[in-house]
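This is query-v1.txt (compact mmCIF, C-alpha atoms).
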# COMPACT_ATOMS: atom_id res chain seq x y z
CA MET A 94 109.83 102.86 88.49
CA ALA A 95 106.99 101.54 86.30
CA GLU A 96 104.78 100.88 89.34
CA GLU A 97 105.32 104.38 90.69
CA TYR A 98 104.72 105.89 87.26
CA MET A 99 101.34 104.15 87.12
CA ASP A 100 100.44 105.55 90.55
CA VAL A 101 101.20 109.06 89.28
CA VAL A 102 99.08 108.78 86.14
CA TYR A 103 96.20 107.14 88.04
CA LYS A 104 96.22 110.09 90.43
CA LEU A 105 96.10 112.54 87.52
CA TRP A 106 93.52 110.64 85.47
CA GLU A 107 91.27 109.49 88.32
CA SER A 108 91.84 111.70 91.38
CA SER A 109 92.20 115.25 90.14
CA TRP A 110 88.81 116.08 88.61
CA SER A 111 85.35 115.27 89.92
CA GLU A 112 82.89 113.77 87.43
CA ASP A 113 80.82 116.96 87.64
CA ALA A 114 83.72 119.43 87.54
CA VAL A 115 83.01 120.23 83.88
CA VAL A 116 80.07 122.63 83.65
CA TRP A 117 80.16 124.10 80.12
CA ASP A 118 77.45 126.69 80.64
CA ARG A 119 77.59 130.24 79.30
CA ASP A 120 79.54 131.67 82.20
CA LEU A 121 81.42 128.73 83.66
CA ALA A 122 83.50 126.01 82.04
CA TYR A 123 84.98 124.23 85.08
CA ASP A 124 84.09 124.34 88.76
CA PRO A 125 87.44 124.91 90.54
CA ALA A 126 86.08 123.58 93.83
CA LYS A 127 85.87 120.16 92.17
CA ILE A 128 89.39 120.12 90.71
CA GLN A 129 91.94 118.73 93.11
CA LYS A 130 95.68 119.09 93.27
CA ILE A 131 97.50 115.78 93.59
CA GLU A 132 100.57 115.46 95.76
CA HIS A 133 103.05 112.71 94.94
CA LYS A 134 106.53 112.35 96.36
CA GLY A 135 108.17 109.04 95.59
CA LYS A 136 111.50 107.49 94.79
CA TYR A 137 111.43 108.43 91.10
CA PHE A 138 108.71 111.07 90.68
CA SER A 139 107.62 114.20 92.47
CA VAL A 140 104.36 115.74 91.24
CA SER A 141 102.35 118.55 92.78
CA GLY A 142 99.52 119.89 90.66
CA ARG A 143 96.25 119.31 88.88
CA HIS A 144 95.66 117.35 85.72
CA GLN A 145 95.91 120.03 83.02
CA VAL A 146 92.89 118.98 80.96
CA HIS A 147 89.42 117.79 81.88
CA PRO A 148 88.89 114.00 81.87
CA SER A 149 88.13 112.08 78.70
CA PRO A 150 84.94 109.97 78.70
CA GLN A 151 87.05 106.98 79.81
CA ARG A 152 89.29 108.93 82.22
CA THR A 153 92.08 106.31 82.26
CA PRO A 154 92.66 105.10 78.66
CA VAL A 155 92.42 101.39 77.95
CA LEU A 156 95.62 99.88 79.35
CA PHE A 157 97.44 97.59 76.92
CA GLN A 158 100.71 95.93 77.85
CA ALA A 159 103.22 94.15 75.63
CA GLY A 160 105.00 91.13 77.11
CA THR A 161 104.25 88.07 79.23
CA LEU A 162 107.56 87.22 80.89
CA LYS A 163 107.72 86.95 84.68
CA THR A 164 107.97 90.66 85.47
CA GLY A 165 105.57 91.61 82.70
CA THR A 166 102.98 89.08 83.85
CA ALA A 167 103.02 90.46 87.39
CA PHE A 168 102.66 94.00 86.03
CA ALA A 169 99.80 92.93 83.74
CA ALA A 170 97.99 91.20 86.59
CA ARG A 171 97.76 94.50 88.44
CA HIS A 172 97.45 97.10 85.68
CA ALA A 173 96.70 95.72 82.21
CA GLU A 174 93.27 95.40 80.71
CA ALA A 175 94.68 93.79 77.55
CA VAL A 176 98.00 92.19 76.66
CA PHE A 177 99.88 91.93 73.38
CA MET A 178 101.64 88.54 73.24
CA ASN A 179 104.37 86.94 71.17
CA PRO A 180 104.06 83.16 71.73
CA ALA A 181 105.25 80.88 68.95
CA THR A 182 103.12 77.88 69.93
CA ILE A 183 99.67 77.09 71.29
CA PRO A 184 101.01 75.42 74.48
CA LEU A 185 103.19 78.43 75.30
CA CYS A 186 100.33 80.85 74.64
CA LYS A 187 97.97 78.85 76.86
CA THR A 188 100.53 78.66 79.67
CA GLN A 189 101.16 82.41 79.59
CA ILE A 190 97.46 83.29 79.58
CA THR A 191 96.71 80.90 82.43
CA ALA A 192 99.57 82.26 84.54
CA ALA A 193 98.54 85.89 84.01
CA ARG A 194 94.88 85.23 84.79
CA GLU A 195 95.81 83.33 87.95
CA GLN A 196 97.88 86.29 89.12
CA ALA A 197 95.06 88.70 88.26
CA ALA A 198 92.69 86.61 90.39
CA ALA A 199 95.22 86.71 93.23
CA GLN A 200 95.07 90.53 92.96
CA GLY A 201 91.31 90.35 93.49
CA ARG A 202 90.45 90.94 89.83
CA ASP A 203 88.04 89.03 87.62
CA PRO A 204 90.53 86.96 85.57
CA SER A 205 88.28 87.03 82.51
CA SER A 206 88.51 90.84 82.42
CA LEU A 207 92.14 90.57 81.28
CA LYS A 208 92.17 90.15 77.48
CA PHE A 209 94.98 88.57 75.43
CA PHE A 210 95.99 89.20 71.82
CA PRO A 211 98.80 87.04 70.39
CA CYS A 212 100.55 88.34 67.28
CA ILE A 213 99.87 86.46 64.04
CA VAL A 214 101.34 87.17 60.58
CA PRO A 215 98.95 85.56 58.08
CA ILE A 216 99.60 85.29 54.35
CA ILE A 217 96.23 84.84 52.65
CA GLY A 218 95.22 83.98 49.10
CA ARG A 219 91.99 83.13 47.33
CA THR A 220 93.43 79.63 47.00
CA PRO A 221 96.21 77.79 48.87
CA GLU A 222 98.35 78.05 45.74
CA GLU A 223 97.92 81.81 45.52
CA ALA A 224 98.85 82.18 49.20
CA GLN A 225 101.99 80.07 48.72
CA SER A 226 102.94 82.17 45.70
CA LYS A 227 102.60 85.34 47.80
CA TYR A 228 104.79 83.78 50.48
CA GLU A 229 107.53 82.84 48.00
CA LYS A 230 107.47 86.29 46.41
CA ALA A 231 107.75 88.02 49.78
CA LYS A 232 110.53 85.67 50.82
CA SER A 233 112.49 86.46 47.64
CA HIS A 234 112.54 90.12 48.66
CA GLY A 235 113.54 89.44 52.25
CA ASP A 236 117.04 90.32 53.44
CA VAL A 237 118.48 87.53 55.61
CA LEU A 238 121.37 89.63 56.89
CA GLY A 239 119.00 92.50 57.58
CA GLY A 240 116.79 90.15 59.58
CA LEU A 241 119.79 88.93 61.60
CA ALA A 242 120.89 92.52 62.21
CA GLN A 243 117.42 93.32 63.51
CA PHE A 244 117.53 90.28 65.80
CA SER A 245 120.98 91.29 67.06
CA GLY A 246 119.68 94.78 67.78
CA TYR A 247 116.75 93.40 69.77
CA THR A 248 118.77 90.90 71.79
CA GLY A 249 122.35 92.14 71.97
CA ILE A 250 123.55 88.81 70.49
CA ASP A 251 126.04 89.25 67.63
CA MET A 252 124.73 86.79 65.03
CA SER A 253 127.62 87.58 62.66
CA LEU A 254 129.74 85.22 64.80
CA PHE A 255 127.73 82.20 63.61
CA PRO A 256 128.11 80.58 60.17
CA LEU A 257 124.89 81.15 58.23
CA ASP A 258 124.11 77.50 57.53
CA GLU A 259 125.51 75.83 60.63
CA PRO A 260 122.78 74.40 62.90
CA PHE A 261 122.72 75.60 66.49
CA ALA A 262 120.52 75.25 69.56
CA ALA A 263 118.79 78.21 71.17
CA SER A 264 120.48 77.34 74.45
CA SER A 265 123.89 77.95 72.84
CA LEU A 266 123.20 81.68 72.45
CA LYS A 267 124.52 83.68 75.38
CA GLY A 268 121.44 85.83 75.75
CA GLY A 269 119.05 86.35 78.60
CA ALA A 270 116.49 83.80 79.66
CA ALA A 271 113.82 85.72 77.73
CA ILE A 272 115.70 85.35 74.42
CA THR A 273 116.40 81.67 75.04
CA ALA A 274 112.72 81.07 75.82
CA VAL A 275 111.58 82.82 72.63
CA LEU A 276 113.98 80.88 70.42
CA ALA A 277 113.25 77.59 72.16
CA SER A 278 109.52 78.07 71.64
CA PHE A 279 110.11 78.81 67.97
CA GLU A 280 112.25 75.68 67.64
CA ALA A 281 109.39 73.70 69.14
CA SER A 282 106.98 75.19 66.59
CA LEU A 283 108.96 73.91 63.59
CA GLU A 284 107.05 71.09 61.95
CA GLY A 285 108.56 67.64 61.65
CA GLY A 286 110.93 67.42 58.73
CA ALA A 287 111.64 71.15 58.82
CA PRO A 288 115.23 72.22 58.17
CA PRO A 289 117.48 72.53 61.22
CA TRP A 290 117.56 75.77 63.21
CA THR A 291 120.26 77.93 61.58
CA PRO A 292 121.10 81.65 61.46
CA ARG A 293 119.82 81.68 57.87
CA LEU A 294 116.43 80.34 58.98
CA LEU A 295 116.37 82.87 61.82
CA GLY A 296 117.20 85.70 59.41
CA GLU A 297 114.51 84.57 56.98
CA ARG A 298 111.88 84.51 59.70
CA MET A 299 112.92 87.91 61.04
CA ALA A 300 112.74 89.32 57.50
CA MET A 301 109.23 87.84 57.13
CA GLY A 302 107.66 89.51 60.14
CA GLY A 303 109.60 88.04 63.05
CA LEU A 304 109.13 84.88 65.09
CA HIS A 305 105.34 85.08 65.23
CA PRO A 306 103.13 82.24 63.96
CA SER A 307 102.60 82.76 60.24
CA PRO A 308 99.87 80.65 58.62
CA VAL A 309 99.92 80.54 54.82
CA GLY A 310 96.74 79.52 53.03
CA SER A 311 93.28 80.38 51.81
CA ALA A 312 90.90 82.43 53.95
CA GLU A 313 89.26 79.20 55.13
CA GLN A 314 92.60 77.68 56.13
CA VAL A 315 93.77 80.80 57.97
CA ALA A 316 90.38 81.07 59.71
CA ASP A 317 90.82 77.44 60.83
CA PHE A 318 94.20 78.45 62.27
CA PHE A 319 92.67 81.40 64.14
CA GLU A 320 89.76 79.32 65.43
CA ASN A 321 92.08 76.62 66.72
CA TRP A 322 94.18 79.16 68.63
CA VAL A 323 91.07 80.71 70.21
CA ASN A 324 89.68 77.32 71.26
CA GLU A 325 92.97 75.93 72.56
CA THR A 326 94.54 78.98 74.24
CA ASP A 327 91.53 80.99 75.50
CA CYS A 328 92.90 84.12 73.81
CA ASP A 329 90.48 86.94 73.02
CA GLY A 330 91.63 88.06 69.59
CA PHE A 331 94.77 88.69 67.59
CA ASN A 332 97.30 91.41 66.95
CA ILE A 333 97.59 90.94 63.18
CA ALA A 334 100.87 91.99 61.57
CA TYR A 335 101.51 92.35 57.86
CA ILE A 336 104.14 91.27 55.35
CA THR A 337 103.37 93.87 52.68
CA ASN A 338 101.47 97.12 52.94
CA PRO A 339 98.71 97.58 51.91
CA SER A 340 98.12 94.22 50.18
CA SER A 341 98.37 92.10 53.37
CA LEU A 342 95.83 94.35 55.07
CA GLU A 343 93.54 94.28 52.03
CA ASP A 344 93.61 90.47 52.09
CA ILE A 345 92.59 90.50 55.75
CA VAL A 346 89.67 92.86 55.11
CA GLU A 347 88.46 91.35 51.83
CA LEU A 348 89.15 87.64 52.40
CA LEU A 349 89.64 86.77 56.08
CA VAL A 350 87.11 89.04 57.81
CA PRO A 351 84.09 87.75 55.81
CA GLU A 352 85.07 84.16 56.63
CA LEU A 353 85.44 84.93 60.34
CA GLN A 354 82.07 86.71 60.31
CA ARG A 355 80.47 83.74 58.57
CA ARG A 356 81.69 81.54 61.43
CA GLY A 357 80.45 83.96 64.08
CA MET A 358 84.01 84.64 65.24
CA MET A 359 83.96 88.35 64.43
CA TRP A 360 81.35 91.04 64.98
CA ASP A 361 79.51 92.78 62.15
CA ASP A 362 79.28 96.07 64.02
CA TYR A 363 80.44 97.56 67.31
CA ALA A 364 78.67 96.22 70.38
CA MET A 365 78.01 99.84 71.39
CA PRO A 366 78.02 102.08 68.28
CA GLY A 367 79.36 105.48 69.23
CA GLY A 368 80.69 104.13 72.50
CA THR A 369 84.22 104.37 73.85
CA PHE A 370 86.97 101.87 73.10
CA ARG A 371 86.65 100.37 76.59
CA GLU A 372 82.87 100.05 76.28
CA ASN A 373 83.25 98.09 73.06
CA LEU A 374 86.19 96.00 74.27
CA LEU A 375 85.18 95.36 77.89
CA GLY A 376 81.57 96.48 78.25
CA HIS A 377 82.08 99.41 80.64
CA ARG A 378 83.29 103.00 80.30
CA HIS A 379 85.66 103.38 83.26
CA LEU A 380 88.14 101.13 85.03
CA ALA A 381 86.43 98.12 86.61
CA GLU A 382 85.84 98.40 90.34
CA ASP A 383 88.24 95.51 91.02
CA HIS A 384 91.07 97.17 89.05
CA TYR A 385 93.96 98.59 91.07
CA GLY A 386 93.56 102.00 89.44
CA ALA A 387 89.92 102.27 90.56
CA GLY A 388 91.19 102.86 94.09
CA PHE A 389 92.40 106.29 92.96
CA LYS A 390 88.97 107.55 91.90
CA TYR A 391 88.09 111.08 92.94
CA GLY A 392 87.15 111.33 96.61
CA ARG A 393 88.19 107.81 97.58
CA ASP A 394 91.49 108.66 99.26
CA PRO A 395 91.73 112.23 100.53
CA GLY A 396 95.38 111.61 101.42
CA LEU A 397 96.25 111.49 97.73
CA VAL A 398 95.22 115.03 96.90
CA SER A 399 95.00 118.54 98.23
CA ASN A 400 91.84 120.30 97.11
CA LEU A 401 91.18 123.95 96.38
CA GLU A 402 90.86 125.07 99.98
CA GLU A 403 92.72 128.04 101.32
CA ASN A 404 96.13 126.92 102.55
CA GLY A 405 97.99 130.16 103.08
CA ALA A 406 97.47 133.85 103.61
CA GLY A 407 96.16 135.39 100.42
CA LYS A 408 96.46 132.15 98.43
CA ILE A 409 94.45 129.08 97.49
CA ASN A 410 96.93 126.28 96.82
CA GLY A 411 99.35 128.85 95.47
CA LEU A 412 96.73 130.87 93.53
CA GLU A 413 96.61 134.49 94.63
CA LYS A 414 93.26 135.86 95.75
CA ALA A 415 91.57 138.03 93.17
CA SER A 416 91.42 140.85 95.71
CA SER A 417 95.19 141.18 95.44
CA LYS A 418 94.79 142.13 91.77
CA ILE A 419 91.33 143.68 91.37
CA ASP A 420 89.42 146.07 93.56
CA ALA A 421 86.09 145.02 95.02
CA GLY A 422 83.28 145.46 92.54
CA ALA A 423 85.60 145.93 89.55
CA GLU A 424 84.49 144.44 86.26
CA THR A 425 86.66 142.01 84.31
CA LYS A 426 86.36 140.95 80.69
CA GLY A 427 88.20 137.72 80.06
CA GLU A 428 91.39 138.94 81.72
CA ALA A 429 93.66 136.97 84.02
CA VAL A 430 93.21 137.89 87.66
CA SER A 431 96.27 136.06 88.95
CA THR A 432 99.84 135.77 87.78
CA LYS A 433 100.08 132.41 89.54
CA GLY A 434 97.79 129.70 88.27
CA GLU A 435 95.99 131.78 85.63
CA VAL A 436 92.54 131.95 87.17
CA VAL A 437 90.65 133.41 84.22
CA THR A 438 87.20 134.95 84.08
CA ASN A 439 84.88 134.47 81.14
CA GLY A 440 83.07 137.54 79.84
CA GLU A 441 81.80 140.24 82.18
CA SER A 442 81.85 139.28 85.83
CA LYS A 443 82.27 140.98 89.15
CA THR A 444 84.48 140.14 92.07
CA ASN A 445 83.25 140.35 95.64
CA GLY A 446 86.49 141.81 96.88
CA GLU A 447 87.97 138.40 97.62
CA TYR A 448 87.57 135.84 94.82
CA THR A 449 86.38 135.99 91.25
CA MET A 450 82.90 134.54 90.93
CA LYS A 451 82.96 133.07 87.42
CA VAL A 452 86.03 130.97 86.78
CA VAL A 453 86.77 129.28 83.48
CA ALA A 454 89.90 127.40 84.43
CA ALA A 455 92.41 127.02 87.19
CA SER A 456 95.70 125.52 86.08
CA ALA A 457 98.93 125.17 88.00
As a first step, turn the structure in this file into structure tokens.
Amino acid sequence: MAEEYMDVVYKLWESSWSEDAVVWDRDLAYDPAKIQKIEHKGKYFSVSGRHQVHPSPQRTPVLFQAGTLKTGTAFAARHAEAVFMNPATIPLCKTQITAAREQAAAQGRDPSSLKFFPCIVPIIGRTPEEAQSKYEKAKSHGDVLGGLAQFSGYTGIDMSLFPLDEPFAASSLKGGAAITAVLASFEASLEGGAPPWTPRLLGERMAMGGLHPSPVGSAEQVADFFENWVNETDCDGFNIAYITNPSSLEDIVELLVPELQRRGMMWDDYAMPGGTFRENLLGHRHLAEDHYGAGFKYGRDPGLVSNLEENGAGKINGLEKASSKIDAGAETKGEAVSTKGEVVTNGESKTNGEYTMKVVAASA
């Protein structure tokens, strides 16, 4: 279903409107001859019509995906431009990024064009002691049972069946392979001498932002952590989560960002001020030519769409001819000339007895 859904939205975003369909002069907003009707009939979706609004500067928005399991990785290799990740360790993060980029290359894409952003939950202080104090304070307000309830809701595993302080192995939980893999990776991330893996520890971590890596320290120490992950995993940035709002975010802006900028790890300004999100993230405005969705660009596959040519007596793709509503030579002033498709004229215009001459919009 997800693959077919992407085909539908690519057709709407990329295939329906020509780049020069938007005119915006005094008498004409859109050129209807350059707005195509897509036709899609699949297993899950049936769509016949035009995209209802003119394209944004990017056309297709930047495509982020969350998840790097087997199915998600294959989906990302074809569609994603960036991926949110949830690895607990550097080795797992590196393995997931390598696998996804290899699959992207197999799809004919530049593997470096796929960007990865693991989630990190930093707790930052002006000194290591201040950071540790913030951690302890946040932990004192955490709800262990609430964290376990959240985990149970995510996974379908009833954690109330396990004694809070009885150690257990991730493999003992009767969850899917994905849950076992997440818990096993978190177990592997526990430092030597850490307490055994128990429901209480799981609940504490869930209450403190989940099973993401969570460095606690000064801005310099947390920046070291970030830098090590970038160097070792080949990730492209981070999806930074917070413990408290707004103080966690203020610490990132006031303490961490200046340190990352000092190291040259973070930009001082956008690469293209005033540019689109994709231009600043990837360096180009539209989907890359080697992206699957680029194959749907306007005019590339005439089998995907049905343009505004006459396809029936008295109709253009279901829009009635203006002559069926207005006599030849009659003047119109912003009124609809069709009850089907709302072909609307803008200001004073004349018809030639067959079609209106100045069309603002044609919508199915």
Write out as a tab-separated table a residue-level contact list of stretch 348-400 of chain A versus stretch 164-177 of chain A with cut-off 9 Å: for each qualifying residue the closest pair of atoms and the distance in Å to one decimal, counting only C-alpha atoms, rows sorted by chain and residue number upward.
residue	atom	partner	partner_atom	distance
A:Leu375	CA	A:Glu174	CA	8.6
A:Leu380	CA	A:Glu174	CA	8.8
A:His384	CA	A:His172	CA	7.2
A:Tyr385	CA	A:Arg171	CA	6.2
A:Gly386	CA	A:His172	CA	7.3
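Ranking A:Met358, A:Ile336, A:Val309, A:Cys328 by their shortest atom-to-atom distance to A:Pro221, with all atoms listed in the file included, puts A:Val309 first.
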- Task: Write out as a VMD selection string which residues come within 12 Å of A:Pro150 when counting all atoms listed in the file, dropping same-chain ones fewer than 3 positions away.
- Result: chain A and resid 106 to 107 112 115 147 153 to 155 367 to 372 377 to 380
- Message: Considering only C-alpha atoms, can you say which of A:Trp117, A:Gln145, A:Ala334, A:Ser108 comes closest to A:Gln129?
- Response: A:Ser108
- Message: List as a ChimeraX atom specification the residues having at least one atom at most 12 Å from position (89.5, 88.8, 52.0) as given in the file, counting only C-alpha atoms.
- Response: /A:215-220,224,310-313,315-316,340-354
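The spacing separating atom CA of A:Cys212 from atom CA of A:Pro306 amounts to 7.4 Å.
Across A:Ser226, A:Thr161, A:Asn373, A:Gln314, the tightest approach to A:Lys187 is made by A:Thr161 when counting all atoms listed in the file.
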- Query: Using only C-alpha atoms, which residue out of A:Arg119, A:Lys136, A:His305, A:His234 lies closest to A:Ala181?
  - Reply: A:His305
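The gap separating atom CA of A:Lys208 from atom CA of A:Leu156 is 10.5 Å, in Å to one decimal.
The nearest approach to A:Phe157 among the residues A:Leu374, A:Ile250, A:Leu238, A:Ile183, with only C-alpha atoms taken into account, belongs to A:Leu374.
The closest residue to A:Pro148, picked from A:Arg298, A:Arg393, A:Lys104, A:His133 and counting all atoms listed in the file, is A:Lys104.
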- Interatomic distance, atom CA of A:Tyr391 to atom CA of A:Val116 (Å, one decimal): 16.9 Å
